[in-house]
Amino acid sequence: MRGEENKKSLEITMQQGMSIINFQKIANTSSFTSDFTHTNTMPAATAAVAARLSEALTRTHILPNAHPLFTRIRLASISDVPYIHKLLHQTSVFHKLNHLFATTESSLAATLFPATLNPPTPFHSFTVFILETSSTPFPINTETSKSFTPIQKTLSFSDPILDTEKELFCSHGKDIVVSGLVLFFPKYASFLAKPGFYVEDLFVRECYRRKGLGKMLMSAVAKQAVKMGYGTVEWVVLDWNVNAIKFYEEMGAKIMPEWRTCRLAGEALQAYGNA
């Protein structure tokens, strides 16, 4: 009887492959995992959704009256260029360097996703991870990629996230929103004789900060480096950004004040064209 009561307390509507769940009722259903996912009377599609939600609830305890946030980190594609451009512009504004921002959507498309016969594969050239968030579970994705399997995680917050820019960053549906990115590419650590990754940009939109999402993006890069047998992941941080410095140190990164960034750019670089 307990299993039957639990099943009746769940309101599930299948709409184009997406499940909409009343999470307050799930949070009060203690035997959701054992009773709901093992019934033999559910349709196959509903059973698959139930299994995914059971796994999500196992990872994150969603309290009554809480607001779940579903997150997904995936590889960017050329269709993401408008979002990447907006995020990089916001990055330049945050770093107080927007006067140097000269990137366009067309230049991003040409360099990140070159239209060549043999385009570089992810992780062997410029690579972007896109962070998406949603208030409802992501649709079941049957597409597979040899390069990267999207990382999904469910978080829970006491208050809803107010995203005033939601319409500008809607992706694959009105409820799926691009919330951040990390852009990185291979480098070489000669003292280790191993390749590594260099992180050029890490950015999470303001309303999604201080929720563990930046750490998720950096962790995804570090995990990929370990998977590929790489020796390092490196990046730079502005000396005035004390919050970011603390965040990186808490992740286990070592700040190296004895090193200084050197750069040739603009006229100084062009002067070597005829050297």
# chains A, B, ... in the order shown; residues from 1 in each chain; ligands from 1
$ select_by_dssp --residues "region 100-234 of chain A" --states "strand (DSSP E)" --output "PyMOL selection string"
chain A and resi 127-134+151-157+176-189+194-204+232-234
$ select_by_dssp --residues "region 73-249 of chain A" --states "alpha helix (DSSP H)" --output "PyMOL selection string"
chain A and resi 81-94+105-112+213-227+242-249
$ residues_around --residues "Ala222 (chain A)" --least-positions-apart "4" --cutoff "7 Å" --atoms "only C-alpha atoms" --output "list in words"
Met218, Val226 and Val233 of chain A
$ write_last_selection --atoms "N, CA and C atoms" --output "PDB file, in the first residue's frame"
ATOM      1  N   MET A 218      35.268  24.393 -13.399  1.00  0.00           N
ATOM      2  CA  MET A 218      36.700  24.133 -13.262  1.00  0.00           C
ATOM      3  C   MET A 218      36.967  22.655 -12.992  1.00  0.00           C
ATOM      4  N   VAL A 226      42.798  14.962 -16.139  1.00  0.00           N
ATOM      5  CA  VAL A 226      43.199  13.693 -15.521  1.00  0.00           C
ATOM      6  C   VAL A 226      42.890  12.529 -16.455  1.00  0.00           C
ATOM      7  N   VAL A 233      46.738  22.092 -15.019  1.00  0.00           N
ATOM      8  CA  VAL A 233      45.711  23.028 -15.480  1.00  0.00           C
ATOM      9  C   VAL A 233      46.120  24.380 -14.913  1.00  0.00           C
TER      10      VAL A 233
END
$ residues_around --residues "region 157-174 of chain A" --least-positions-apart "4" --cutoff "9 Å" --atoms "only C-alpha atoms" --output "CSV table (one decimal) with N, CA and C atoms, in the first residue's frame"
chain,number,residue,atom,x,y,z
A,62,ILE,N,16.5,17.2,-1.7
A,62,ILE,CA,15.7,18.3,-1.9
A,62,ILE,C,14.7,18.5,-0.8
A,63,LEU,N,14.8,19.6,-0.1
A,63,LEU,CA,14.0,19.8,1.1
A,63,LEU,C,12.6,20.3,0.7
A,65,ASN,N,9.6,22.6,0.1
A,65,ASN,CA,9.5,24.1,-0.2
A,65,ASN,C,10.8,24.6,-0.8
A,66,ALA,N,11.7,23.7,-1.1
A,66,ALA,CA,13.0,24.2,-1.7
A,66,ALA,C,12.8,24.4,-3.2
A,67,HIS,N,13.8,25.0,-3.8
A,67,HIS,CA,13.8,25.3,-5.3
A,67,HIS,C,14.9,24.6,-6.0
A,68,PRO,N,14.6,23.5,-6.7
A,68,PRO,CA,15.7,22.7,-7.3
A,68,PRO,C,16.2,23.5,-8.5
A,69,LEU,N,17.5,23.3,-8.8
A,69,LEU,CA,18.2,23.9,-9.9
A,69,LEU,C,18.9,22.7,-10.6
A,80,ASP,N,26.2,27.9,-30.3
A,80,ASP,CA,26.3,28.6,-29.1
A,80,ASP,C,27.1,29.9,-29.2
A,82,PRO,N,26.5,33.0,-30.3
A,82,PRO,CA,25.9,34.2,-29.7
A,82,PRO,C,25.9,34.2,-28.2
A,83,TYR,N,25.7,33.1,-27.5
A,83,TYR,CA,25.8,33.1,-26.0
A,83,TYR,C,27.3,33.3,-25.6
A,86,LYS,N,28.2,36.9,-25.8
A,86,LYS,CA,27.6,37.7,-24.7
A,86,LYS,C,28.3,37.5,-23.4
A,132,GLU,N,24.6,25.1,-18.5
A,132,GLU,CA,23.1,25.4,-18.6
A,132,GLU,C,22.4,25.0,-17.3
A,178,VAL,N,21.5,29.4,-20.6
A,178,VAL,CA,23.0,29.4,-20.5
A,178,VAL,C,23.4,30.3,-19.4
A,179,SER,N,24.2,29.8,-18.4
A,179,SER,CA,24.5,30.5,-17.2
A,179,SER,C,26.0,30.7,-17.0
A,206,GLU,N,26.1,36.7,-13.1
A,206,GLU,CA,26.0,37.2,-11.7
A,206,GLU,C,25.0,36.6,-10.8
A,207,CYS,N,23.8,36.3,-11.3
A,207,CYS,CA,22.7,35.8,-10.5
A,207,CYS,C,23.0,34.3,-10.1
A,208,TYR,N,23.9,33.7,-10.8
A,208,TYR,CA,24.2,32.3,-10.5
A,208,TYR,C,25.5,32.1,-9.8
A,211,LYS,N,27.2,29.7,-5.9
A,211,LYS,CA,26.3,28.6,-5.8
A,211,LYS,C,27.0,27.3,-6.2
$ atom_distance --atom1 "CA of Thr261 (chain A)" --atom2 "CA of Tyr198 (chain A)"
13.4 Å
$ closest_residue --among "A:Val236, A:Ile255, A:Leu181, A:Ala275" --to "Ile84 (chain A)" --atoms "only C-alpha atoms"
A:Leu181
$ residues_around --residues "Met216 (chain A)" --least-positions-apart "6" --cutoff "12 Å" --atoms "only C-alpha atoms" --output "number ranges by chain"
A: 71-74, 129-132, 151-155, 180-182, 202-204, 209-210, 222-223, 251
$ atom_distance --atom1 "CA of Asn241 (chain A)" --atom2 "CA of Val128 (chain A)"
23.0 Å
$ closest_residue --among "A:Phe148, A:Phe123, A:Tyr230, A:Phe247" --to "Ala193 (chain A)" --atoms "only C-alpha atoms"
A:Tyr230
$ closest_residue --among "A:Leu192, A:Ala110, A:Ala102, A:Ala244" --to "Gly214 (chain A)" --atoms "only C-alpha atoms"
A:Ala244
$ closest_residue --among "A:Lys246, A:Asp201, A:Ser106, A:Ser156" --to "Leu87 (chain A)" --atoms "only C-alpha atoms"
A:Asp201
$ atom_distance --atom1 "CA of Val81 (chain A)" --atom2 "CA of Glu105 (chain A)"
6.2 Å
$ decode --residues "region 159-172 of chain A" --atoms "N, CA, C and O atoms" --output "JSON list (two decimals), in the first residue's frame"
[["chain", "number", "residue", "atom", "x", "y", "z"],
["A", 159, "ASP", "N", 15.73, 29.81, -1.91],
["A", 159, "ASP", "CA", 15.05, 30.87, -2.65],
["A", 159, "ASP", "C", 15.23, 30.66, -4.15],
["A", 159, "ASP", "O", 16.26, 30.14, -4.60],
["A", 160, "PRO", "N", 14.25, 31.07, -4.96],
["A", 160, "PRO", "CA", 14.40, 30.94, -6.41],
["A", 160, "PRO", "C", 15.45, 31.93, -6.92],
["A", 160, "PRO", "O", 15.72, 32.95, -6.30],
["A", 161, "ILE", "N", 16.06, 31.60, -8.06],
["A", 161, "ILE", "CA", 17.04, 32.48, -8.68],
["A", 161, "ILE", "C", 16.31, 33.42, -9.63],
["A", 161, "ILE", "O", 15.58, 32.97, -10.53],
["A", 162, "LEU", "N", 16.49, 34.71, -9.44],
["A", 162, "LEU", "CA", 15.85, 35.71, -10.28],
["A", 162, "LEU", "C", 16.80, 36.10, -11.40],
["A", 162, "LEU", "O", 17.76, 36.84, -11.18],
["A", 163, "ASP", "N", 16.54, 35.61, -12.57],
["A", 163, "ASP", "CA", 17.40, 35.85, -13.73],
["A", 163, "ASP", "C", 16.74, 36.88, -14.64],
["A", 163, "ASP", "O", 15.85, 36.56, -15.43],
["A", 164, "THR", "N", 17.19, 38.12, -14.55],
["A", 164, "THR", "CA", 16.59, 39.20, -15.34],
["A", 164, "THR", "C", 17.01, 39.15, -16.81],
["A", 164, "THR", "O", 16.43, 39.84, -17.64],
["A", 165, "GLU", "N", 18.03, 38.33, -17.12],
["A", 165, "GLU", "CA", 18.50, 38.22, -18.50],
["A", 165, "GLU", "C", 18.11, 36.88, -19.14],
["A", 165, "GLU", "O", 18.67, 36.50, -20.16],
["A", 166, "LYS", "N", 17.15, 36.22, -18.57],
["A", 166, "LYS", "CA", 16.79, 34.88, -19.02],
["A", 166, "LYS", "C", 16.46, 34.83, -20.50],
["A", 166, "LYS", "O", 16.88, 33.91, -21.21],
["A", 167, "GLU", "N", 15.72, 35.81, -20.99],
["A", 167, "GLU", "CA", 15.31, 35.81, -22.39],
["A", 167, "GLU", "C", 16.51, 35.89, -23.34],
["A", 167, "GLU", "O", 16.46, 35.37, -24.45],
["A", 168, "LEU", "N", 17.58, 36.54, -22.91],
["A", 168, "LEU", "CA", 18.77, 36.68, -23.75],
["A", 168, "LEU", "C", 19.59, 35.39, -23.83],
["A", 168, "LEU", "O", 20.38, 35.21, -24.76],
["A", 169, "PHE", "N", 19.41, 34.51, -22.84],
["A", 169, "PHE", "CA", 20.25, 33.33, -22.75],
["A", 169, "PHE", "C", 19.47, 32.02, -22.81],
["A", 169, "PHE", "O", 19.99, 30.98, -22.42],
["A", 170, "CYS", "N", 18.23, 32.06, -23.30],
["A", 170, "CYS", "CA", 17.45, 30.83, -23.44],
["A", 170, "CYS", "C", 18.11, 29.91, -24.46],
["A", 170, "CYS", "O", 18.51, 30.35, -25.54],
["A", 171, "SER", "N", 18.20, 28.63, -24.13],
["A", 171, "SER", "CA", 18.87, 27.66, -25.00],
["A", 171, "SER", "C", 18.09, 26.37, -25.03],
["A", 171, "SER", "O", 17.80, 25.80, -23.97],
["A", 172, "HIS", "N", 17.74, 25.88, -26.21],
["A", 172, "HIS", "CA", 17.05, 24.61, -26.35],
["A", 172, "HIS", "C", 15.75, 24.57, -25.53],
["A", 172, "HIS", "O", 15.44, 23.60, -24.85]]
